[in-house]
Amino acid sequence: MAIKTERKPSEALWKLLRDDAFASLRDDFTARVAECSLSLSQGKLVRELAQPQSQRELARRLHYDPSNITALADSLESRGLIERRADASDRRFRLLALTPDGERLRVSLEERLAQPPNFLDRLTPTEQKQLLQLLAKIFDTERRRPR
């Protein structure tokens, strides 16, 4: 891939991250989710349900309209992957929770997502380490880690 150098390096880097890297990561994520017979939105929802949550909280976390969460929940519930439960702290509210089948699917999805995408093999192990150090610096991962 040729990088246009007539612009500032920061602009070229941002375009590469924003357009190419994001698209590659999204495509890889979508393919791995599809291997679990889930849509992209369903995969995101299943990942968020490691702990039972309200539909309102899920909508906030995923930046979805609450009606989208309802439709996603309905489709996953019909497949026996999630269930609606009364909230123990306020029985007027319902929580979405994974069923045992849903939890097995979530674990399988997480295992698939943990595998690095093949495009990283274009870099040598030394280059991968350098990129990791640079990205850690950009995203300041040391300061964001919980202590």
# chains A, B, ... in the order shown; residues from 1 in each chain; ligands from 1
call {"tool": "residues_around", "arguments": {"residues": "Thr70 of chain A", "least_positions_apart": "3", "cutoff": "10 Å", "atoms": "only C-alpha atoms", "output": "PyMOL selection string"}}
result
chain A and resi 55-56+59+65-67+73-76+96
call {"tool": "write_last_selection", "arguments": {"atoms": "N, CA and C atoms", "output": "short mmCIF file (atom, residue, chain, number, x, y, z; two decimals), in the first residue's frame"}}
result
data_model
loop_
_atom_site.label_atom_id
_atom_site.label_comp_id
_atom_site.auth_asym_id
_atom_site.auth_seq_id
_atom_site.Cartn_x
_atom_site.Cartn_y
_atom_site.Cartn_z
N GLN A 55 -32.02 -3.20 29.11
CA GLN A 55 -32.02 -2.80 27.70
C GLN A 55 -31.57 -1.34 27.58
N ARG A 56 -31.97 -0.52 28.53
CA ARG A 56 -31.58 0.89 28.50
C ARG A 56 -30.06 1.03 28.59
N ALA A 59 -28.46 -0.13 25.35
CA ALA A 59 -28.62 0.89 24.30
C ALA A 59 -27.60 2.01 24.49
N ASP A 65 -30.44 2.83 19.42
CA ASP A 65 -31.75 3.24 19.88
C ASP A 65 -32.34 2.09 20.70
N PRO A 66 -33.05 2.38 21.78
CA PRO A 66 -33.65 1.30 22.58
C PRO A 66 -34.53 0.34 21.77
N SER A 67 -35.20 0.85 20.74
CA SER A 67 -36.03 -0.04 19.93
C SER A 67 -35.17 -1.06 19.18
N ALA A 73 -32.87 -8.25 20.92
CA ALA A 73 -33.19 -9.17 22.02
C ALA A 73 -34.24 -10.18 21.59
N ASP A 74 -35.25 -9.72 20.87
CA ASP A 74 -36.29 -10.63 20.40
C ASP A 74 -35.70 -11.72 19.51
N SER A 75 -34.81 -11.33 18.60
CA SER A 75 -34.23 -12.32 17.68
C SER A 75 -33.33 -13.31 18.41
N LEU A 76 -32.57 -12.83 19.39
CA LEU A 76 -31.69 -13.73 20.15
C LEU A 76 -32.49 -14.60 21.12
N LEU A 96 -31.64 -8.25 30.43
CA LEU A 96 -31.31 -9.26 29.43
C LEU A 96 -30.13 -10.06 29.96
#
call {"tool": "select_by_dssp", "arguments": {"residues": "chain A", "states": "strand (DSSP E or B)", "output": "list in words"}}
result
Gln53, Ser54, Ile82, Glu83, Arg84, Arg85, Ala86, Asp87, Asp90, Arg91, Arg92, Phe93, Arg94, Leu95, Leu96, Ala97 and Leu98 of chain A
call {"tool": "closest_residue", "arguments": {"among": "A:Val46, A:Leu123, A:Ala136, A:Ala21", "to": "Ser108 of chain A", "atoms": "only C-alpha atoms"}}
result
A:Val46
call {"tool": "atom_distance", "arguments": {"atom1": "atom CA of Arg106 of chain A", "atom2": "atom CA of Ala31 of chain A"}}
result
15.1 Å
call {"tool": "residues_around", "arguments": {"residues": "Gly43 of chain A", "least_positions_apart": "5", "cutoff": "10 Å", "atoms": "only C-alpha atoms", "output": "list in words"}}
result
Phe29, Thr30, Arg32, Val33, Ala34, Cys36, Ser37, Leu38, Glu48, Leu72, Leu105, Arg106, Leu109 and Glu110 of chain A
call {"tool": "select_by_dssp", "arguments": {"residues": "chain A", "states": "helix (DSSP H, G or I)", "output": "PyMOL selection string"}}
result
chain A and resi 9-35+40-48+55-62+66-78+100-114+118-122+125-139+141-144
call {"tool": "atom_distance", "arguments": {"atom1": "atom CA of Val107 of chain A", "atom2": "atom CA of Phe93 of chain A"}}
result
26.7 Å
call {"tool": "closest_residue", "arguments": {"among": "A:Leu120, A:Ser24, A:Ser54, A:Gly102", "to": "Ser78 of chain A", "atoms": "only C-alpha atoms"}}
result
A:Gly102
call {"tool": "atom_distance", "arguments": {"atom1": "atom CA of Glu35 of chain A", "atom2": "atom CA of Leu62 of chain A"}}
result
21.2 Å
call {"tool": "closest_residue", "arguments": {"among": "A:Gln128, A:Glu11, A:Asp28, A:Ser89", "to": "Leu40 of chain A", "atoms": "only C-alpha atoms"}}
result
A:Asp28
